[in-house]
Amino acid sequence: MASFRRVLLALTFILGIGGLSQDMTSSVFGADKLVVYSGRAERLIKPVLDEFQSKSGIQIELLSSGTTELVNRLQAEGDHTPADVFLTNDAGSLEHARELKLLRPMNMREVERAIPAQFRASDNSWIGLSGRFWIVVYNTHLVKPDQIKSLLDLAQPQWKDKIAIPNSGSEYLQAGVSVIKATFGEDRTKQFLQGLKTNAGSQVYQKSSQIVEAVAKGQVAVGIVNHYYIYRHLAAQPSAPIAALMPDQQEGGMGAIMNVSGIGVTRASKHVDNAKLLLEFLVAQAGQKLFADLDKEYPLHPDVKADPALVDRHAFRAALVPLARLAELREPTLTLIEQVGLR
């Protein structure tokens, strides 16, 4: 029955439901459910999960919280967790959950065909869904793009009181600093963090959208954010004087810092077949297009194009630090951030 359900659901995804009505798909699949623990902002992931629910008839119960809190919760709940799926915005957190044996290895040809190996765990216990790059947003009235070649440039004295950064609890900051540390070593990374702290002053924000807003208003000249915050802001306010700058592309540069949102099936899931259906939906071209269209993220499926407003993925290089290393790098990075005193 499970394989029949997967075949039928795959057909509905391919055909966009075709001649099957929602009532028919729901009656075929029954009133099944899936509990999703999500570290992603609910407004970003819920429309994607709603689309899956509509097409599959599987009811989604969504619990949104901080990623670290969810990993701790999964660990505390153990085999009694109600969660079937763990979905978050950082490969390091997913790899950490794998190391804690909270996730189930998956053998799924659909996943392996759709998502390149560098965006998955070695045992497919977590699977990347969409790519994001930690880049520079700048105010076009205050900065010329050739003034910045690297993220490390923002630690230089000329940027004092001109930059906005995320706070020390930001997973984006932690992952980005981990890549810098793996590339340049601890001493240079510490100098970078000290320079950021000095130059940002009080312009330290909990939300990346606040950084983009501060740059758009000219409160600061530049900020460091995941790329999609820039494009979402421009989609809502096309005349905003901001633009994206893809750093570290010079010869010998480390490349743009990449991370992925991703998903894993919990080891204790009671609804593994339903979870597989969700995975198949999210990695299929239709699901990948939702991440591109709704969230302005880079699809990981090689045949799905990103929003044309984004910098062409083929036009820039990414840093070479493997995503799976973000977990092992996190604790030393957190120690370094604490030593510098970023707030």
# chains A, B, ... in the order shown; residues from 1 in each chain; ligands from 1

$ select_by_dssp --residues "region 37-170 of chain A" --states "helix (DSSP H, G or I)" --output "PyMOL selection string"
chain A and resi 42-56+67-80+91-99+109-114+117-119+145-147+151-155+157-159

$ closest_atom_pairs --of "region 32-131 of chain A" --to "region 255-273 of chain A" --cutoff "6 Å" --atoms "only C-alpha atoms" --output "JSON lines"
{"residue": "A:Asp79", "atom": "CA", "partner": "A:Ala268", "partner_atom": "CA", "distance": 5.1}
{"residue": "A:Asp84", "atom": "CA", "partner": "A:Ser269", "partner_atom": "CA", "distance": 4.3}
{"residue": "A:Val85", "atom": "CA", "partner": "A:Val265", "partner_atom": "CA", "distance": 4.5}
{"residue": "A:Phe86", "atom": "CA", "partner": "A:Gly264", "partner_atom": "CA", "distance": 5.3}
{"residue": "A:Leu87", "atom": "CA", "partner": "A:Ile263", "partner_atom": "CA", "distance": 4.3}
{"residue": "A:Thr88", "atom": "CA", "partner": "A:Ser261", "partner_atom": "CA", "distance": 5.6}
{"residue": "A:Asn89", "atom": "CA", "partner": "A:Ser261", "partner_atom": "CA", "distance": 3.8}
{"residue": "A:Asp90", "atom": "CA", "partner": "A:Ser261", "partner_atom": "CA", "distance": 5.4}
{"residue": "A:Ala91", "atom": "CA", "partner": "A:Val260", "partner_atom": "CA", "distance": 5.8}
{"residue": "A:Leu102", "atom": "CA", "partner": "A:Arg267", "partner_atom": "CA", "distance": 5.5}
{"residue": "A:Leu103", "atom": "CA", "partner": "A:Thr266", "partner_atom": "CA", "distance": 4.3}
{"residue": "A:Arg104", "atom": "CA", "partner": "A:Arg267", "partner_atom": "CA", "distance": 4.4}
{"residue": "A:Ser125", "atom": "CA", "partner": "A:Gly264", "partner_atom": "CA", "distance": 5.7}
{"residue": "A:Trp126", "atom": "CA", "partner": "A:Gly264", "partner_atom": "CA", "distance": 4.3}
{"residue": "A:Ile127", "atom": "CA", "partner": "A:Gly262", "partner_atom": "CA", "distance": 5.3}
{"residue": "A:Gly128", "atom": "CA", "partner": "A:Gly262", "partner_atom": "CA", "distance": 4.0}
{"residue": "A:Leu129", "atom": "CA", "partner": "A:Gly262", "partner_atom": "CA", "distance": 4.9}
{"residue": "A:Ser130", "atom": "CA", "partner": "A:Ser261", "partner_atom": "CA", "distance": 5.4}
{"residue": "A:Gly131", "atom": "CA", "partner": "A:Val260", "partner_atom": "CA", "distance": 4.5}

$ write_last_selection --atoms "C-alpha atoms" --output "PDB file, in the first residue's frame"
ATOM      1  CA  ASP A  79      12.036   7.331  21.351  1.00  0.00           C
ATOM      2  CA  ASP A  84       8.379  12.597  12.383  1.00  0.00           C
ATOM      3  CA  VAL A  85      10.499  15.191  10.627  1.00  0.00           C
ATOM      4  CA  PHE A  86      13.116  17.745  11.637  1.00  0.00           C
ATOM      5  CA  LEU A  87      13.415  20.690   9.262  1.00  0.00           C
ATOM      6  CA  THR A  88      15.835  23.547   9.736  1.00  0.00           C
ATOM      7  CA  ASN A  89      17.924  26.248   8.090  1.00  0.00           C
ATOM      8  CA  ASP A  90      21.453  25.061   8.849  1.00  0.00           C
ATOM      9  CA  ALA A  91      23.395  22.001   7.703  1.00  0.00           C
ATOM     10  CA  LEU A 102      18.275  11.488  16.198  1.00  0.00           C
ATOM     11  CA  LEU A 103      17.799  11.040  12.443  1.00  0.00           C
ATOM     12  CA  ARG A 104      17.090   7.984  10.333  1.00  0.00           C
ATOM     13  CA  SER A 125      19.908  11.017   7.207  1.00  0.00           C
ATOM     14  CA  TRP A 126      19.575  14.678   6.295  1.00  0.00           C
ATOM     15  CA  ILE A 127      18.914  16.158   2.880  1.00  0.00           C
ATOM     16  CA  GLY A 128      19.491  19.722   1.737  1.00  0.00           C
ATOM     17  CA  LEU A 129      16.481  21.455   0.221  1.00  0.00           C
ATOM     18  CA  SER A 130      17.552  24.979  -0.707  1.00  0.00           C
ATOM     19  CA  GLY A 131      20.755  26.988  -0.788  1.00  0.00           C
TER      20      GLY A 131
END

$ select_by_dssp --residues "region 37-257 of chain A" --states "strand (DSSP E)" --output "JSON, numbers by chain"
{"A": [37, 38, 59, 60, 61, 62, 63, 64, 85, 86, 87, 88, 127, 128, 129, 130, 131, 132, 133, 134, 135, 136, 137, 138, 139, 163, 164, 165, 166, 204, 205, 222, 223, 224, 225, 226, 242, 243, 244, 245, 257]}

$ write_last_selection --atoms "N, CA and C atoms" --output "short mmCIF file (atom, residue, chain, number, x, y, z; two decimals), in the first residue's frame"
data_model
loop_
_atom_site.label_atom_id
_atom_site.label_comp_id
_atom_site.auth_asym_id
_atom_site.auth_seq_id
_atom_site.Cartn_x
_atom_site.Cartn_y
_atom_site.Cartn_z
N TYR A 37 8.86 19.19 13.24
CA TYR A 37 9.57 20.16 14.07
C TYR A 37 10.39 21.03 13.13
N SER A 38 10.15 22.34 13.17
CA SER A 38 10.79 23.24 12.21
C SER A 38 11.53 24.37 12.89
N GLN A 59 -2.19 15.41 6.89
CA GLN A 59 -2.29 16.58 7.75
C GLN A 59 -0.95 16.87 8.40
N ILE A 60 -0.49 18.11 8.28
CA ILE A 60 0.77 18.54 8.87
C ILE A 60 0.51 19.21 10.21
N GLU A 61 1.17 18.71 11.24
CA GLU A 61 1.18 19.38 12.54
C GLU A 61 2.56 20.02 12.70
N LEU A 62 2.59 21.33 12.69
CA LEU A 62 3.85 22.06 12.64
C LEU A 62 4.17 22.68 13.99
N LEU A 63 5.37 22.38 14.49
CA LEU A 63 5.88 23.01 15.70
C LEU A 63 7.13 23.80 15.31
N SER A 64 7.06 25.12 15.47
CA SER A 64 8.18 25.98 15.11
C SER A 64 8.88 26.48 16.37
N VAL A 85 9.57 14.51 11.53
CA VAL A 85 10.50 15.19 10.63
C VAL A 85 11.12 16.36 11.36
N PHE A 86 12.41 16.58 11.13
CA PHE A 86 13.12 17.75 11.64
C PHE A 86 13.57 18.56 10.45
N LEU A 87 13.15 19.81 10.41
CA LEU A 87 13.41 20.69 9.26
C LEU A 87 14.04 21.97 9.79
N THR A 88 15.19 22.35 9.22
CA THR A 88 15.84 23.55 9.74
C THR A 88 16.65 24.26 8.65
N ILE A 127 18.92 15.84 4.31
CA ILE A 127 18.91 16.16 2.88
C ILE A 127 18.72 17.66 2.72
N GLY A 128 19.63 18.30 2.01
CA GLY A 128 19.49 19.72 1.74
C GLY A 128 18.33 19.99 0.80
N LEU A 129 17.65 21.10 1.03
CA LEU A 129 16.48 21.45 0.22
C LEU A 129 16.67 22.74 -0.58
N SER A 130 17.37 23.70 0.00
CA SER A 130 17.55 24.98 -0.71
C SER A 130 18.84 25.63 -0.21
N GLY A 131 19.49 26.37 -1.11
CA GLY A 131 20.75 26.99 -0.79
C GLY A 131 20.61 28.46 -0.46
N ARG A 132 21.49 28.91 0.44
CA ARG A 132 21.52 30.33 0.81
C ARG A 132 22.96 30.76 0.98
N PHE A 133 23.22 32.01 0.66
CA PHE A 133 24.59 32.54 0.70
C PHE A 133 24.63 33.73 1.64
N TRP A 134 25.67 33.72 2.48
CA TRP A 134 25.88 34.81 3.45
C TRP A 134 26.69 35.89 2.76
N ILE A 135 26.03 36.98 2.42
CA ILE A 135 26.64 37.97 1.54
C ILE A 135 26.46 39.39 2.09
N VAL A 136 26.86 40.35 1.29
CA VAL A 136 26.81 41.75 1.68
C VAL A 136 25.61 42.43 1.04
N VAL A 137 24.84 43.16 1.84
CA VAL A 137 23.84 44.08 1.33
C VAL A 137 24.39 45.49 1.52
N TYR A 138 24.29 46.32 0.46
CA TYR A 138 24.84 47.67 0.58
C TYR A 138 23.83 48.70 0.08
N ASN A 139 23.97 49.90 0.62
CA ASN A 139 23.15 51.02 0.20
C ASN A 139 23.79 51.65 -1.03
N ILE A 163 28.52 49.56 9.46
CA ILE A 163 28.02 48.22 9.16
C ILE A 163 27.03 47.74 10.21
N ALA A 164 26.16 46.82 9.77
CA ALA A 164 25.22 46.15 10.67
C ALA A 164 25.45 44.65 10.57
N ILE A 165 25.40 43.97 11.71
CA ILE A 165 25.69 42.54 11.75
C ILE A 165 24.64 41.80 12.58
N PRO A 166 24.53 40.47 12.41
CA PRO A 166 23.66 39.68 13.27
C PRO A 166 24.28 39.49 14.65
N VAL A 204 23.78 45.90 16.00
CA VAL A 204 23.75 44.44 16.09
C VAL A 204 22.29 44.02 16.21
N TYR A 205 21.84 43.14 15.31
CA TYR A 205 20.41 42.86 15.20
C TYR A 205 20.10 41.38 15.41
N VAL A 222 26.37 49.21 4.97
CA VAL A 222 26.38 47.81 4.55
C VAL A 222 25.95 46.91 5.70
N GLY A 223 25.58 45.68 5.34
CA GLY A 223 25.25 44.68 6.33
C GLY A 223 25.59 43.30 5.79
N ILE A 224 25.60 42.32 6.68
CA ILE A 224 25.85 40.94 6.28
C ILE A 224 24.60 40.12 6.57
N VAL A 225 24.04 39.50 5.52
CA VAL A 225 22.80 38.75 5.65
C VAL A 225 22.79 37.59 4.66
N ASN A 226 21.87 36.67 4.85
CA ASN A 226 21.60 35.68 3.81
C ASN A 226 20.96 36.38 2.62
N ILE A 242 19.03 49.49 -2.25
CA ILE A 242 19.92 48.43 -1.78
C ILE A 242 20.24 47.48 -2.93
N ALA A 243 21.36 46.77 -2.78
CA ALA A 243 21.74 45.77 -3.77
C ALA A 243 22.56 44.70 -3.07
N ALA A 244 22.66 43.56 -3.73
CA ALA A 244 23.43 42.43 -3.20
C ALA A 244 24.84 42.44 -3.79
N LEU A 245 25.81 42.11 -2.96
CA LEU A 245 27.18 41.98 -3.42
C LEU A 245 27.68 40.59 -3.02
N ILE A 257 30.09 32.19 1.07
CA ILE A 257 29.77 31.24 2.12
C ILE A 257 28.36 30.69 1.91
#

$ atom_distance --atom1 "CA of Ala286 (chain A)" --atom2 "CA of Leu44 (chain A)"
16.4 Å

$ closest_residue --among "A:Ala41, A:Lys305, A:Glu280, A:Glu69" --to "Met106 (chain A)" --atoms "only C-alpha atoms"
A:Glu280

$ atom_distance --atom1 "CA of Ala221 (chain A)" --atom2 "CA of Thr140 (chain A)"
8.4 Å

$ atom_distance --atom1 "CA of Gly57 (chain A)" --atom2 "CA of Leu94 (chain A)"
27.2 Å

$ residues_around --residues "Gly341 (chain A)" --least-positions-apart "3" --cutoff "12 Å" --atoms "only C-alpha atoms" --output "list in words"
Asn167, Ser168, Gly169, Lys190, Leu193, Gln194, Gly195, Leu196, Lys197, Thr198, Gly201, Leu334, Thr335, Leu336, Ile337 and Glu338 of chain A

$ write_last_selection --atoms "C-alpha atoms" --output "PDB file, in the first residue's frame"
ATOM      1  CA  ASN A 167      23.973  38.958  16.978  1.00  0.00           C
ATOM      2  CA  SER A 168      26.109  36.162  18.390  1.00  0.00           C
ATOM      3  CA  GLY A 169      23.150  33.777  18.617  1.00  0.00           C
ATOM      4  CA  LYS A 190      39.566  36.427  15.564  1.00  0.00           C
ATOM      5  CA  LEU A 193      35.440  39.273  14.573  1.00  0.00           C
ATOM      6  CA  GLN A 194      37.149  41.978  16.613  1.00  0.00           C
ATOM      7  CA  GLY A 195      36.950  44.316  13.625  1.00  0.00           C
ATOM      8  CA  LEU A 196      33.259  43.533  13.112  1.00  0.00           C
ATOM      9  CA  LYS A 197      32.527  44.201  16.769  1.00  0.00           C
ATOM     10  CA  THR A 198      34.313  47.552  16.653  1.00  0.00           C
ATOM     11  CA  GLY A 201      29.058  49.229  17.541  1.00  0.00           C
ATOM     12  CA  LEU A 334      31.185  29.607  19.545  1.00  0.00           C
ATOM     13  CA  THR A 335      34.178  29.722  21.866  1.00  0.00           C
ATOM     14  CA  LEU A 336      35.901  32.221  19.585  1.00  0.00           C
ATOM     15  CA  ILE A 337      32.784  34.395  19.316  1.00  0.00           C
ATOM     16  CA  GLU A 338      32.510  34.397  23.106  1.00  0.00           C
TER      17      GLU A 338
END

$ closest_residue --among "A:Glu328, A:Asp293, A:Asp161, A:Asp303" --to "Ala182 (chain A)" --atoms "only C-alpha atoms"
A:Glu328

$ closest_residue --among "A:Gln339, A:Ser65, A:Ser170, A:Gln249" --to "Lys149 (chain A)" --atoms "only C-alpha atoms"
A:Gln249

$ closest_residue --among "A:Val35, A:Val48, A:Ala327, A:Leu282" --to "Leu100 (chain A)" --atoms "only C-alpha atoms"
A:Ala327

$ decode --residues "region 196-257 of chain A" --atoms "C-alpha atoms" --output "PDB file, in the first residue's frame"
ATOM      1  CA  LEU A 196      33.259  43.533  13.112  1.00  0.00           C
ATOM      2  CA  LYS A 197      32.527  44.201  16.769  1.00  0.00           C
ATOM      3  CA  THR A 198      34.313  47.552  16.653  1.00  0.00           C
ATOM      4  CA  ASN A 199      32.811  48.655  13.361  1.00  0.00           C
ATOM      5  CA  ALA A 200      29.224  47.611  14.107  1.00  0.00           C
ATOM      6  CA  GLY A 201      29.058  49.229  17.541  1.00  0.00           C
ATOM      7  CA  SER A 202      25.403  49.170  18.526  1.00  0.00           C
ATOM      8  CA  GLN A 203      24.194  48.105  15.063  1.00  0.00           C
ATOM      9  CA  VAL A 204      23.745  44.440  16.086  1.00  0.00           C
ATOM     10  CA  TYR A 205      20.414  42.856  15.203  1.00  0.00           C
ATOM     11  CA  GLN A 206      18.443  39.765  16.100  1.00  0.00           C
ATOM     12  CA  LYS A 207      16.761  39.560  12.682  1.00  0.00           C
ATOM     13  CA  SER A 208      18.364  39.760   9.251  1.00  0.00           C
ATOM     14  CA  SER A 209      15.358  41.660   7.940  1.00  0.00           C
ATOM     15  CA  GLN A 210      16.226  44.419  10.426  1.00  0.00           C
ATOM     16  CA  ILE A 211      19.741  44.611   8.982  1.00  0.00           C
ATOM     17  CA  VAL A 212      18.375  45.025   5.463  1.00  0.00           C
ATOM     18  CA  GLU A 213      15.960  47.693   6.718  1.00  0.00           C
ATOM     19  CA  ALA A 214      18.772  49.610   8.410  1.00  0.00           C
ATOM     20  CA  VAL A 215      20.810  49.574   5.184  1.00  0.00           C
ATOM     21  CA  ALA A 216      17.800  50.620   3.096  1.00  0.00           C
ATOM     22  CA  LYS A 217      17.166  53.579   5.423  1.00  0.00           C
ATOM     23  CA  GLY A 218      20.815  54.651   5.258  1.00  0.00           C
ATOM     24  CA  GLN A 219      21.349  54.090   8.989  1.00  0.00           C
ATOM     25  CA  VAL A 220      24.384  52.059   7.945  1.00  0.00           C
ATOM     26  CA  ALA A 221      26.105  51.601   4.612  1.00  0.00           C
ATOM     27  CA  VAL A 222      26.384  47.811   4.553  1.00  0.00           C
ATOM     28  CA  GLY A 223      25.250  44.676   6.334  1.00  0.00           C
ATOM     29  CA  ILE A 224      25.855  40.935   6.276  1.00  0.00           C
ATOM     30  CA  VAL A 225      22.795  38.753   5.647  1.00  0.00           C
ATOM     31  CA  ASN A 226      21.605  35.679   3.810  1.00  0.00           C
ATOM     32  CA  HIS A 227      20.941  36.685   0.222  1.00  0.00           C
ATOM     33  CA  TYR A 228      17.202  36.075   0.187  1.00  0.00           C
ATOM     34  CA  TYR A 229      16.477  38.810   2.751  1.00  0.00           C
ATOM     35  CA  ILE A 230      17.701  41.331   0.192  1.00  0.00           C
ATOM     36  CA  TYR A 231      15.499  40.028  -2.606  1.00  0.00           C
ATOM     37  CA  ARG A 232      12.414  39.699  -0.423  1.00  0.00           C
ATOM     38  CA  HIS A 233      12.853  43.328   0.620  1.00  0.00           C
ATOM     39  CA  LEU A 234      13.205  44.404  -3.003  1.00  0.00           C
ATOM     40  CA  ALA A 235      10.150  42.374  -4.014  1.00  0.00           C
ATOM     41  CA  ALA A 236       8.107  44.380  -1.491  1.00  0.00           C
ATOM     42  CA  GLN A 237       9.904  47.716  -2.057  1.00  0.00           C
ATOM     43  CA  PRO A 238      11.418  47.735  -5.560  1.00  0.00           C
ATOM     44  CA  SER A 239      12.733  51.294  -5.242  1.00  0.00           C
ATOM     45  CA  ALA A 240      14.710  50.616  -2.059  1.00  0.00           C
ATOM     46  CA  PRO A 241      18.344  51.794  -2.546  1.00  0.00           C
ATOM     47  CA  ILE A 242      19.917  48.426  -1.777  1.00  0.00           C
ATOM     48  CA  ALA A 243      21.743  45.770  -3.770  1.00  0.00           C
ATOM     49  CA  ALA A 244      23.432  42.435  -3.202  1.00  0.00           C
ATOM     50  CA  LEU A 245      27.185  41.983  -3.422  1.00  0.00           C
ATOM     51  CA  MET A 246      28.610  38.465  -3.765  1.00  0.00           C
ATOM     52  CA  PRO A 247      31.952  38.680  -1.909  1.00  0.00           C
ATOM     53  CA  ASP A 248      35.204  36.726  -2.007  1.00  0.00           C
ATOM     54  CA  GLN A 249      35.204  36.106  -5.744  1.00  0.00           C
ATOM     55  CA  GLN A 250      38.646  37.568  -6.383  1.00  0.00           C
ATOM     56  CA  GLU A 251      41.511  35.312  -7.389  1.00  0.00           C
ATOM     57  CA  GLY A 252      42.516  33.362  -4.322  1.00  0.00           C
ATOM     58  CA  GLY A 253      39.309  34.335  -2.492  1.00  0.00           C
ATOM     59  CA  MET A 254      37.495  31.731  -0.433  1.00  0.00           C
ATOM     60  CA  GLY A 255      34.246  31.955  -2.419  1.00  0.00           C
ATOM     61  CA  ALA A 256      30.805  32.902  -1.138  1.00  0.00           C
ATOM     62  CA  ILE A 257      29.771  31.235   2.124  1.00  0.00           C
TER      63      ILE A 257
END
